[in-house]
>>> print(open('protein-v9.txt').read())   # compact mmCIF, C-alpha atoms and all ligand atoms
# COMPACT_ATOMS: atom_id res chain seq x y z
CA MET P 166 -30.98 -24.91 21.06
CA PRO P 167 -30.39 -24.10 17.36
CA THR P 168 -26.89 -22.75 16.61
CA ARG P 169 -27.01 -19.19 15.37
CA GLU P 170 -25.89 -18.70 11.74
CA PRO P 171 -22.89 -16.32 11.61
CA GLN P 172 -23.73 -12.86 10.32
CA ASN P 173 -21.68 -10.89 7.86
CA ARG P 174 -21.05 -7.23 8.77
CA GLN P 175 -20.25 -5.26 5.63
CA PHE P 176 -19.36 -1.73 4.57
CA ARG P 177 -21.08 -0.96 1.28
CA LEU P 178 -20.37 2.14 -0.77
CA ALA P 179 -23.29 4.53 -0.33
CA ALA P 180 -22.03 7.71 -2.05
CA ARG P 181 -19.05 8.96 -4.03
CA PRO P 182 -17.10 11.13 -1.59
CA GLN P 183 -16.30 14.78 -2.18
CA GLY P 184 -12.91 15.43 -0.61
CA LEU P 185 -12.02 13.31 2.41
CA PRO P 186 -14.42 10.36 2.74
CA ARG P 187 -16.94 10.44 5.59
CA ARG P 188 -18.59 7.56 7.45
CA SER P 189 -21.85 8.41 5.65
CA ASP P 190 -20.21 7.55 2.30
CA TRP P 191 -20.67 3.91 3.32
CA SER P 192 -23.57 1.98 4.81
CA PHE P 193 -22.66 -0.51 7.55
CA ILE P 194 -25.07 -3.42 7.30
CA THR P 195 -25.43 -7.04 8.38
CA ALA P 196 -26.15 -9.64 5.70
CA PRO P 197 -26.39 -13.45 5.77
CA VAL P 198 -23.19 -15.34 5.03
CA GLN P 199 -23.32 -16.60 1.46
CA PRO P 200 -22.51 -20.35 1.20
CA PRO P 201 -19.82 -21.21 -1.39
CA GLY P 202 -20.93 -22.68 -4.73
CA ALA P 203 -18.97 -25.14 -6.89
CA GLY P 204 -15.36 -23.97 -7.28
CA GLU P 205 -15.76 -21.35 -4.52
CA VAL P 206 -14.45 -20.90 -0.99
CA LEU P 207 -15.92 -19.19 2.06
CA VAL P 208 -13.29 -17.15 3.91
CA ARG P 209 -13.47 -15.79 7.46
CA VAL P 210 -11.69 -12.47 7.10
CA LEU P 211 -9.03 -11.96 9.80
CA TYR P 212 -7.29 -8.78 8.56
CA ILE P 213 -8.27 -6.10 6.05
CA SER P 214 -5.59 -4.12 4.23
CA LEU P 215 -6.22 -0.36 4.20
CA ASP P 216 -4.63 1.11 1.09
CA PRO P 217 -4.61 4.66 -0.31
CA ALA P 218 -5.75 3.18 -3.64
CA MET P 219 -9.15 2.45 -2.08
CA ARG P 220 -9.85 6.19 -2.26
CA GLY P 221 -9.35 6.00 -6.04
CA TRP P 222 -11.64 2.97 -6.30
CA MET P 223 -14.48 5.08 -4.82
CA HIS P 224 -14.14 7.59 -7.63
CA GLU P 225 -16.18 7.16 -10.79
CA GLY P 226 -13.61 8.24 -13.43
CA LYS P 227 -11.45 6.04 -15.64
CA SER P 228 -8.66 4.18 -13.87
CA TYR P 229 -6.65 0.98 -14.09
CA ILE P 230 -9.55 -0.92 -12.46
CA PRO P 231 -13.33 -0.29 -12.54
CA PRO P 232 -14.70 1.74 -9.61
CA VAL P 233 -16.62 0.16 -6.74
CA GLN P 234 -20.29 0.44 -7.65
CA ILE P 235 -22.71 2.23 -5.35
CA GLY P 236 -24.31 -0.46 -3.15
CA ALA P 237 -21.39 -2.89 -3.56
CA VAL P 238 -19.20 -4.11 -0.70
CA MET P 239 -16.19 -1.77 -0.41
CA ARG P 240 -13.28 -3.39 -2.23
CA ALA P 241 -10.24 -4.20 -0.08
CA LEU P 242 -7.47 -6.74 -0.01
CA GLY P 243 -7.50 -9.03 2.99
CA LEU P 244 -6.18 -12.09 4.72
CA GLY P 245 -8.38 -14.82 6.13
CA ARG P 246 -9.02 -18.46 6.93
CA VAL P 247 -10.96 -20.81 4.65
CA VAL P 248 -13.97 -22.03 6.63
CA ARG P 249 -15.72 -23.95 3.85
CA SER P 250 -14.33 -25.07 0.52
CA GLN P 251 -16.04 -26.32 -2.64
CA SER P 252 -12.70 -26.43 -4.44
CA PRO P 253 -10.06 -29.15 -4.53
CA ASP P 254 -7.39 -26.44 -4.21
CA PHE P 255 -8.21 -25.30 -0.66
CA ARG P 256 -9.10 -26.99 2.60
CA GLU P 257 -10.77 -25.70 5.74
CA GLY P 258 -8.18 -23.92 7.86
CA ASP P 259 -6.00 -22.73 4.97
CA ILE P 260 -4.74 -19.15 5.40
CA VAL P 261 -5.30 -17.14 2.23
CA THR P 262 -5.21 -13.64 0.77
CA GLY P 263 -7.49 -12.06 -1.82
CA ALA P 264 -9.76 -9.11 -2.52
CA PHE P 265 -12.17 -10.00 0.28
CA GLY P 266 -13.74 -6.56 0.79
CA VAL P 267 -14.54 -4.73 4.02
CA GLN P 268 -16.62 -7.46 5.65
CA ASP P 269 -16.47 -10.44 8.03
CA TYR P 270 -16.89 -13.20 5.43
CA ALA P 271 -16.11 -13.40 1.73
CA THR P 272 -17.41 -15.98 -0.74
CA LEU P 273 -15.40 -16.05 -3.92
CA PRO P 274 -13.97 -18.30 -6.65
CA ALA P 275 -10.96 -20.31 -5.45
CA ARG P 276 -8.94 -19.06 -8.45
CA GLU P 277 -9.06 -15.53 -6.95
CA VAL P 278 -7.51 -16.67 -3.67
CA HIS P 279 -3.81 -17.18 -2.85
CA ALA P 280 -2.36 -19.46 -0.18
CA VAL P 281 -0.10 -17.86 2.44
CA PRO P 282 3.05 -19.86 3.18
CA PRO P 283 3.43 -20.62 6.92
CA GLY P 284 6.20 -19.36 9.12
CA ILE P 285 8.37 -16.51 8.01
CA ALA P 286 6.43 -13.50 9.39
CA PRO P 287 3.30 -12.62 11.38
CA LEU P 288 0.12 -12.80 9.28
CA PRO P 289 -0.46 -9.01 8.81
CA ALA P 290 2.94 -8.76 7.10
CA PHE P 291 1.41 -10.68 4.18
CA LEU P 292 -0.66 -7.56 3.47
CA GLY P 293 2.42 -5.33 3.64
CA VAL P 294 6.06 -6.17 3.08
CA LEU P 295 5.14 -9.68 1.86
CA GLY P 296 2.06 -8.54 -0.03
CA MET P 297 0.98 -5.97 -2.59
CA PRO P 298 2.99 -3.01 -1.15
CA GLY P 299 6.19 -5.07 -1.03
CA ILE P 300 5.69 -6.20 -4.63
CA THR P 301 5.09 -2.56 -5.65
CA ALA P 302 8.31 -1.42 -3.98
CA TYR P 303 10.34 -4.27 -5.48
CA PHE P 304 9.33 -3.87 -9.12
CA GLY P 305 8.83 -0.10 -8.95
CA LEU P 306 12.36 0.47 -7.72
CA LEU P 307 14.22 -2.32 -9.51
CA GLU P 308 12.44 -2.31 -12.89
CA ILE P 309 11.28 1.28 -13.31
CA GLY P 310 13.92 2.99 -11.17
CA ARG P 311 16.79 0.67 -12.15
CA PRO P 312 19.17 1.61 -9.32
CA VAL P 313 22.91 1.60 -9.87
CA LYS P 314 25.36 1.20 -7.00
CA GLY P 315 26.40 4.56 -5.53
CA GLU P 316 23.30 6.44 -6.73
CA THR P 317 21.02 8.50 -4.49
CA VAL P 318 17.43 7.31 -4.14
CA VAL P 319 14.81 9.59 -2.58
CA VAL P 320 11.46 8.16 -1.50
CA SER P 321 8.44 9.96 -0.06
CA GLY P 322 5.93 8.29 2.27
CA ALA P 323 9.15 6.64 3.41
CA ALA P 324 7.88 5.22 6.71
CA GLY P 325 4.81 3.74 5.04
CA ALA P 326 4.06 0.34 3.57
CA VAL P 327 5.66 0.87 0.15
CA GLY P 328 8.23 3.55 1.03
CA ALA P 329 9.94 1.67 3.84
CA VAL P 330 10.59 -1.28 1.53
CA VAL P 331 11.81 0.98 -1.30
CA GLY P 332 14.44 2.59 0.92
CA GLN P 333 15.69 -0.74 2.27
CA ILE P 334 15.94 -2.31 -1.19
CA ALA P 335 17.79 0.81 -2.37
CA ARG P 336 20.34 0.20 0.41
CA ILE P 337 20.62 -3.47 -0.58
CA ALA P 338 21.28 -2.30 -4.17
CA GLY P 339 24.21 -0.22 -2.87
CA CYS P 340 22.48 3.16 -3.13
CA ARG P 341 22.13 5.99 -0.67
CA ALA P 342 18.55 6.15 0.62
CA VAL P 343 16.95 9.44 1.63
CA GLY P 344 13.41 9.23 3.03
CA ILE P 345 10.76 11.92 3.40
CA ALA P 346 8.22 11.28 6.16
CA GLY P 347 5.97 13.14 8.59
CA GLY P 348 7.28 13.66 12.11
CA PRO P 349 10.44 13.08 14.16
CA GLU P 350 9.48 9.59 15.33
CA LYS P 351 9.10 8.28 11.79
CA CYS P 352 12.35 9.99 10.73
CA ARG P 353 14.26 8.41 13.62
CA TYR P 354 12.80 5.02 12.67
CA LEU P 355 14.09 5.45 9.10
CA THR P 356 17.67 6.26 10.01
CA GLU P 357 18.08 4.33 13.27
CA GLU P 358 16.12 1.15 12.52
CA LEU P 359 15.83 0.82 8.74
CA GLY P 360 19.30 2.09 7.83
CA PHE P 361 18.28 5.04 5.64
CA ASP P 362 21.19 7.46 5.16
CA ALA P 363 19.01 10.49 5.89
CA ALA P 364 15.41 11.36 6.67
CA ILE P 365 13.53 14.60 6.09
CA ASP P 366 10.60 15.58 8.28
CA ARG P 367 8.12 17.12 5.84
CA HIS P 368 6.29 18.90 8.68
CA ALA P 369 9.29 20.47 10.39
CA GLU P 370 11.77 21.07 7.56
CA ASP P 371 11.96 22.98 4.31
CA VAL P 372 11.93 19.86 2.11
CA ARG P 373 13.72 21.50 -0.81
CA ALA P 374 16.56 22.86 1.36
CA ALA P 375 16.93 19.51 3.16
CA LEU P 376 17.07 17.65 -0.16
CA GLU P 377 19.81 19.98 -1.37
CA ARG P 378 21.76 19.18 1.79
CA HIS P 379 21.29 15.41 1.65
CA CYS P 380 21.63 15.02 -2.12
CA PRO P 381 24.63 17.21 -3.04
CA ASP P 382 25.10 15.41 -6.38
CA GLY P 383 21.40 15.49 -7.21
CA ILE P 384 18.69 12.82 -7.11
CA ASN P 385 19.22 9.79 -9.36
CA ILE P 386 15.91 8.11 -8.53
CA TYR P 387 12.86 9.73 -7.00
CA PHE P 388 10.24 7.17 -5.96
CA ASP P 389 7.09 9.26 -5.68
CA ASN P 390 4.33 8.16 -3.35
CA VAL P 391 2.79 11.54 -2.70
CA GLY P 392 2.84 13.93 -5.72
CA GLY P 393 2.13 17.63 -5.09
CA PRO P 394 4.82 20.04 -3.89
CA ILE P 395 7.23 17.25 -2.84
CA LEU P 396 7.26 15.94 -6.42
CA ASP P 397 8.14 19.46 -7.58
CA ASP P 398 10.94 19.77 -5.01
CA CYS P 399 12.45 16.48 -6.18
CA LEU P 400 12.12 17.34 -9.87
CA ALA P 401 14.08 20.53 -9.26
CA LEU P 402 17.04 18.52 -7.97
CA LEU P 403 17.27 15.69 -10.50
CA ALA P 404 20.68 14.46 -11.59
CA LEU P 405 21.53 13.76 -15.22
CA HIS P 406 19.57 10.72 -16.56
CA ALA P 407 17.47 10.53 -13.39
CA ARG P 408 14.43 8.27 -13.14
CA VAL P 409 11.18 9.31 -11.43
CA VAL P 410 8.92 6.41 -10.48
CA LEU P 411 5.30 7.57 -10.29
CA CYS P 412 3.85 5.14 -7.79
CA GLY P 413 1.25 7.28 -6.05
CA ALA P 414 0.06 10.82 -5.42
CA ILE P 415 -1.67 10.61 -2.07
CA SER P 416 -1.54 14.39 -1.55
CA GLN P 417 -3.98 14.72 -4.46
CA TYR P 418 -6.42 11.84 -3.82
CA ASN P 419 -8.95 13.92 -1.87
CA SER P 420 -8.60 17.02 -3.97
CA THR P 421 -11.91 18.59 -4.99
CA GLY P 422 -10.32 20.83 -7.63
CA PRO P 423 -7.99 20.00 -10.52
CA ILE P 424 -4.97 17.80 -9.70
CA LYS P 425 -1.83 19.91 -9.19
CA GLY P 426 0.68 18.93 -11.84
CA PRO P 427 4.43 19.36 -11.51
CA SER P 428 5.58 22.81 -12.56
CA ASN P 429 9.26 21.78 -12.57
CA TYR P 430 8.80 19.25 -15.37
CA ILE P 431 11.31 21.02 -17.64
CA SER P 432 13.96 19.53 -15.33
CA LEU P 433 13.18 16.21 -17.10
CA LEU P 434 14.25 17.77 -20.38
CA ILE P 435 17.35 19.51 -19.05
CA ASN P 436 18.53 16.35 -17.28
CA ARG P 437 17.45 13.87 -20.00
CA ALA P 438 15.44 12.26 -17.24
CA ARG P 439 12.55 9.79 -17.37
CA MET P 440 9.30 9.83 -15.40
CA GLU P 441 7.21 6.67 -15.61
CA GLY P 442 4.05 5.41 -13.96
CA MET P 443 3.78 1.94 -12.51
CA VAL P 444 0.79 -0.17 -11.50
CA VAL P 445 1.53 -3.23 -9.42
CA PHE P 446 -1.16 -5.31 -11.14
CA ASP P 447 1.11 -5.46 -14.22
CA TYR P 448 3.62 -7.42 -12.12
CA MET P 449 1.32 -9.80 -10.27
CA HIS P 450 2.29 -12.72 -12.50
CA ARG P 451 5.85 -12.20 -11.18
CA ALA P 452 4.85 -11.78 -7.53
CA PRO P 453 6.59 -15.01 -6.41
CA GLU P 454 9.93 -13.63 -7.64
CA ALA P 455 9.55 -10.46 -5.50
CA LEU P 456 8.23 -12.32 -2.47
CA ARG P 457 11.06 -14.88 -2.57
CA ALA P 458 13.65 -12.08 -2.58
CA ILE P 459 11.94 -10.01 0.10
CA GLY P 460 11.34 -13.12 2.25
CA GLN P 461 15.03 -13.98 2.04
CA TRP P 462 16.02 -10.41 3.00
CA ILE P 463 13.68 -10.56 6.01
CA VAL P 464 15.22 -13.85 7.13
CA GLU P 465 18.70 -12.32 6.76
CA GLY P 466 17.64 -9.26 8.79
CA ARG P 467 18.21 -6.92 5.85
CA ILE P 468 14.59 -5.86 5.57
CA LYS P 469 12.54 -4.88 8.62
CA HIS P 470 8.84 -4.26 8.63
CA ARG P 471 6.22 -2.69 10.80
CA GLU P 472 2.44 -3.03 10.78
CA ASP P 473 0.00 -0.55 12.32
CA ILE P 474 -3.04 -2.55 13.44
CA VAL P 475 -6.42 -1.01 14.24
CA GLU P 476 -9.06 -3.19 15.92
CA GLY P 477 -12.55 -3.86 14.60
CA VAL P 478 -14.20 -3.84 11.19
CA GLU P 479 -16.74 -1.33 12.58
CA ASN P 480 -13.91 1.24 12.82
CA PHE P 481 -13.10 1.04 9.10
CA PRO P 482 -13.96 4.64 8.05
CA GLU P 483 -11.94 6.33 10.81
CA ALA P 484 -9.04 3.89 10.42
CA PHE P 485 -8.92 4.46 6.65
CA LEU P 486 -8.55 8.22 7.16
CA ARG P 487 -5.31 7.69 9.11
CA LEU P 488 -3.60 7.17 5.73
CA PHE P 489 -4.42 10.73 4.70
CA SER P 490 -3.58 12.39 8.03
CA GLY P 491 -0.28 10.49 8.16
CA GLU P 492 -1.24 8.93 11.52
CA ASN P 493 -0.43 5.43 10.31
CA PHE P 494 3.07 4.27 11.15
CA GLY P 495 3.83 1.28 8.94
CA LYS P 496 1.43 -0.83 6.92
CA LEU P 497 -2.12 0.01 8.02
CA VAL P 498 -4.25 -3.06 8.73
CA LEU P 499 -7.67 -3.57 10.31
CA ARG P 500 -8.01 -6.64 12.54
CA VAL P 501 -11.46 -8.14 12.10
CA THR P 502 -11.21 -11.06 14.50
CA ALA P 503 -8.57 -12.96 16.46
CA GLU P 504 -6.39 -15.39 14.50
N1 LIG O 1 1.09 2.19 -8.30
C1 LIG O 1 0.78 1.12 -7.58
O1 LIG O 1 0.59 0.02 -8.06
C2 LIG O 1 0.67 1.31 -6.09
C3 LIG O 1 0.59 0.20 -5.23
C4 LIG O 1 0.55 0.44 -3.85
C5 LIG O 1 0.57 1.75 -3.37
N2 LIG O 1 0.62 2.77 -4.25
C6 LIG O 1 0.69 4.17 -3.79
O2 LIG O 1 1.84 4.29 -2.98
C7 LIG O 1 1.63 5.32 -2.03
C8 LIG O 1 1.96 4.79 -0.64
O3 LIG O 1 1.03 3.77 -0.31
P1 LIG O 1 1.17 2.96 1.07
O4 LIG O 1 0.17 1.89 1.06
O5 LIG O 1 2.59 2.66 1.29
O6 LIG O 1 0.69 4.07 2.13
P2 LIG O 1 1.49 4.55 3.42
O7 LIG O 1 2.73 5.23 2.96
O8 LIG O 1 1.60 3.45 4.39
O9 LIG O 1 0.51 5.64 4.03
C9 LIG O 1 0.29 6.86 3.40
C10 LIG O 1 1.30 7.93 3.87
O10 LIG O 1 1.30 9.00 2.93
C11 LIG O 1 1.75 10.17 3.57
N3 LIG O 1 0.85 11.27 3.22
C12 LIG O 1 -0.48 11.35 3.43
N4 LIG O 1 -0.95 12.52 2.97
C13 LIG O 1 0.10 13.21 2.47
C14 LIG O 1 0.27 14.48 1.86
N5 LIG O 1 -0.79 15.29 1.68
N6 LIG O 1 1.51 14.85 1.47
C15 LIG O 1 2.57 14.05 1.65
N7 LIG O 1 2.48 12.81 2.23
C16 LIG O 1 1.26 12.41 2.62
C17 LIG O 1 1.71 9.91 5.07
O11 LIG O 1 3.05 9.66 5.51
P3 LIG O 1 3.95 10.78 6.22
O12 LIG O 1 3.03 11.64 7.02
O13 LIG O 1 4.90 9.98 7.03
O14 LIG O 1 4.62 11.53 5.11
C18 LIG O 1 0.93 8.61 5.18
O15 LIG O 1 1.29 7.87 6.31
C19 LIG O 1 0.20 5.80 -2.20
O16 LIG O 1 0.20 6.94 -3.00
C20 LIG O 1 -0.45 4.64 -2.94
O17 LIG O 1 -1.57 5.03 -3.68
C21 LIG O 1 0.66 2.58 -5.59
>>> encode(input="protein-v9.txt", output="structure tokens", more="lines below")
Ligand SMILES: NC(=O)c1ccc[n+]([C@@H]2O[C@H](COP(=O)([O-])OP(=O)(O)OC[C@H]3O[C@@H](n4cnc5c(N)ncnc54)[C@H](OP(=O)(O)O)[C@@H]3O)[C@@H](O)[C@H]2O)c1
Amino acid sequence: MPTREPQNRQFRLAARPQGLPRRSDWSFITAPVQPPGAGEVLVRVLYISLDPAMRGWMHEGKSYIPPVQIGAVMRALGLGRVVRSQSPDFREGDIVTGAFGVQDYATLPAREVHAVPPGIAPLPAFLGVLGMPGITAYFGLLEIGRPVKGETVVVSGAAGAVGAVVGQIARIAGCRAVGIAGGPEKCRYLTEELGFDAAIDRHAEDVRAALERHCPDGINIYFDNVGGPILDDCLALLALHARVVLCGAISQYNSTGPIKGPSNYISLLINRARMEGMVVFDYMHRAPEALRAIGQWIVEGRIKHREDIVEGVENFPEAFLRLFSGENFGKLVLRVTAE
């Protein structure tokens, strides 16, 4: 009997979403697996990273990276196993990361693929604490935030992929870490498991009043993952020479009207403070430096991590929306097939 060629299930962008994306904004199709050409590898995707940035990549406007074109496979970072290689740099069986897209198989140039070192953590962690979000937290806090021992660092989205690492690195740097997250379970996780000094439940508490309580000397660094009213609350409480790291603004990503800017920006003037955007791609050439440090902290038990794994590539649209409802608890990852 002839062996059946594997099929490649793919989500392709079908429409530019208005507001929260819907399943109909993608088409879910099956295509033949594309054999690798010279210098290319064929990767069986094992895990797909679900990142808030993917919402921005669906949008047509100017950004730090071109948008996904209508009809193209939805862009996503992923982790997989090389199943065929036409490159001297990779062999069958190698575990690799890259921008594989929301699909079962990716064929791409070997130079766009990175080997995953064996051993120190389960594979999905290489899409979180030991991947792009970890690198974002490391350079965003240390190079844009520049923490000084004894300072107070506030981070929003604190139980998420980037935020959880920011708070733990802040503690390692000798700072007080105050996290803002959604729900009592996440807040308990921050203080009881990750060692944050305080956690604020953005659903149950008045965020501004809680910040005043937990940051009596003001906020020295605000690491912003969410934008919107929480950014305003933090701006109102800045300390002298504070730094605001603009990492993300998830509260605004599905907005159909104009983006809500901070109304408390004059606090930057009064406090001689700095607010600066960061894009992790600018630091990718230094990724090994961040990953060495974070890896060492994991081995020493000083950084803990948590992944939230959803099964099945076919569940991509619904799983992706968990980022915007706050249902994800830790780095959100889609498992495509067993390791
Ligand atoms: N600049 C860069 O290079 C870069 C790189 C990576 C990520 N980012 C940004 O960093 C941020 C965090 O990314 P991540 O991957 O770590 O995601 P994540 O924190 O794991 O997941 C997103 C979290 O955002 C919170 N959230 C969702 N909607 C919100 C709203 N309307 N108001 C307040 N909070 C809301 C929810 O947490 P709670 O319900 O617990 O609050 C949700 O769990 C995103 O804005 C992302 O775009 C930027």
>>> atom_distance(input="protein-v9.txt", atom1="atom CA of Met297 of chain P", atom2="atom CA of Val391 of chain P")
17.6 Å
>>> atom_distance(input="protein-v9.txt", atom1="atom CA of Glu316 of chain P", atom2="atom CA of Gly491 of chain P")
28.2 Å
>>> residues_near_ligand(input="protein-v9.txt", ligand="ligand LIG 1 (chain O)", cutoff="7 Å", atoms="all atoms listed in the file", output="count of residues only")
42
>>> atom_distance(input="protein-v9.txt", atom1="atom CA of Glu358 of chain P", atom2="atom CA of Val320 of chain P")
16.4 Å
>>> residues_around(input="protein-v9.txt", residues="segment 223-238 of chain P", least_positions_apart="4", cutoff="8 Å", atoms="all atoms listed in the file", output="ChimeraX atom specification")
/P:175-182,219,266-268,444
>>> closest_residue(input="protein-v9.txt", among="P:Leu207, P:Ile285, P:Leu295, P:Ala290", to="Ser252 of chain P", atoms="all atoms listed in the file")
P:Leu207
>>> closest_residue(input="protein-v9.txt", among="P:Leu359, P:Leu211, P:Leu433, P:Leu486", to="Glu504 of chain P", atoms="all atoms listed in the file")
P:Leu211
>>> closest_residue(input="protein-v9.txt", among="P:Gly284, P:Pro312, P:Gly305, P:Pro186", to="Leu411 of chain P", atoms="only C-alpha atoms")
P:Gly305
>>> closest_residue(input="protein-v9.txt", among="P:Asn419, P:Gln333, P:Ser189, P:Asn173", to="Lys469 of chain P", atoms="only C-alpha atoms")
P:Gln333
>>> closest_residue(input="protein-v9.txt", among="P:Arg174, P:His379, P:Arg451, P:Arg353", to="Asp269 of chain P", atoms="all atoms listed in the file")
P:Arg174
>>> residues_around(input="protein-v9.txt", residues="Ala407 of chain P", least_positions_apart="3", cutoff="12 Å", atoms="only C-alpha atoms", output="ChimeraX atom specification")
/P:309-313,316-319,382-388,399-404,410,432-441
>>> decode(input="protein-v9.txt", residues="segment 265-272 of chain P", atoms="all heavy atoms", output="JSON list (two decimals), in the first residue's frame")
[["chain", "number", "residue", "atom", "x", "y", "z"],
["P", 265, "PHE", "N", 7.50, 29.84, 12.36],
["P", 265, "PHE", "CA", 7.00, 28.73, 11.55],
["P", 265, "PHE", "C", 5.58, 28.95, 11.05],
["P", 265, "PHE", "O", 5.13, 28.26, 10.14],
["P", 265, "PHE", "CB", 7.06, 27.43, 12.37],
["P", 265, "PHE", "CG", 8.45, 27.05, 12.80],
["P", 265, "PHE", "CD1", 8.67, 26.33, 13.97],
["P", 265, "PHE", "CD2", 9.55, 27.41, 12.04],
["P", 265, "PHE", "CE1", 9.95, 25.99, 14.37],
["P", 265, "PHE", "CE2", 10.84, 27.08, 12.43],
["P", 265, "PHE", "CZ", 11.05, 26.37, 13.60],
["P", 266, "GLY", "N", 4.83, 29.87, 11.67],
["P", 266, "GLY", "CA", 3.45, 30.09, 11.26],
["P", 266, "GLY", "C", 2.49, 29.12, 11.91],
["P", 266, "GLY", "O", 2.90, 28.14, 12.53],
["P", 267, "VAL", "N", 1.19, 29.40, 11.76],
["P", 267, "VAL", "CA", 0.16, 28.54, 12.36],
["P", 267, "VAL", "C", -0.14, 27.42, 11.38],
["P", 267, "VAL", "O", -1.04, 27.51, 10.54],
["P", 267, "VAL", "CB", -1.10, 29.36, 12.71],
["P", 267, "VAL", "CG1", -2.11, 28.46, 13.43],
["P", 267, "VAL", "CG2", -0.74, 30.54, 13.59],
["P", 268, "GLN", "N", 0.65, 26.36, 11.46],
["P", 268, "GLN", "CA", 0.53, 25.23, 10.54],
["P", 268, "GLN", "C", 1.27, 24.02, 11.10],
["P", 268, "GLN", "O", 2.00, 24.12, 12.08],
["P", 268, "GLN", "CB", 1.08, 25.61, 9.16],
["P", 268, "GLN", "CG", 2.53, 26.10, 9.17],
["P", 268, "GLN", "CD", 3.02, 26.54, 7.78],
["P", 268, "GLN", "OE1", 2.42, 26.21, 6.77],
["P", 268, "GLN", "NE2", 4.12, 27.28, 7.74],
["P", 269, "ASP", "N", 1.08, 22.87, 10.45],
["P", 269, "ASP", "CA", 1.72, 21.63, 10.91],
["P", 269, "ASP", "C", 3.18, 21.54, 10.50],
["P", 269, "ASP", "O", 4.00, 20.96, 11.22],
["P", 269, "ASP", "CB", 1.00, 20.41, 10.29],
["P", 269, "ASP", "CG", -0.34, 20.13, 10.95],
["P", 269, "ASP", "OD1", -0.37, 20.00, 12.18],
["P", 269, "ASP", "OD2", -1.35, 20.04, 10.22],
["P", 270, "TYR", "N", 3.50, 22.01, 9.30],
["P", 270, "TYR", "CA", 4.86, 21.89, 8.76],
["P", 270, "TYR", "C", 5.31, 23.24, 8.21],
["P", 270, "TYR", "O", 4.52, 23.95, 7.59],
["P", 270, "TYR", "CB", 4.90, 20.88, 7.60],
["P", 270, "TYR", "CG", 4.69, 19.44, 8.03],
["P", 270, "TYR", "CD1", 3.42, 18.90, 8.07],
["P", 270, "TYR", "CD2", 5.78, 18.63, 8.38],
["P", 270, "TYR", "CE1", 3.22, 17.59, 8.47],
["P", 270, "TYR", "CE2", 5.58, 17.33, 8.78],
["P", 270, "TYR", "CZ", 4.31, 16.81, 8.83],
["P", 270, "TYR", "OH", 4.12, 15.51, 9.23],
["P", 271, "ALA", "N", 6.58, 23.55, 8.42],
["P", 271, "ALA", "CA", 7.13, 24.79, 7.85],
["P", 271, "ALA", "C", 8.37, 24.45, 7.05],
["P", 271, "ALA", "O", 9.21, 23.67, 7.49],
["P", 271, "ALA", "CB", 7.48, 25.77, 8.97],
["P", 272, "THR", "N", 8.48, 25.04, 5.86],
["P", 272, "THR", "CA", 9.68, 24.89, 5.04],
["P", 272, "THR", "C", 10.31, 26.27, 4.96],
["P", 272, "THR", "O", 9.66, 27.22, 4.51],
["P", 272, "THR", "CB", 9.29, 24.40, 3.62],
["P", 272, "THR", "OG1", 8.46, 23.25, 3.78],
["P", 272, "THR", "CG2", 10.51, 24.07, 2.79]]
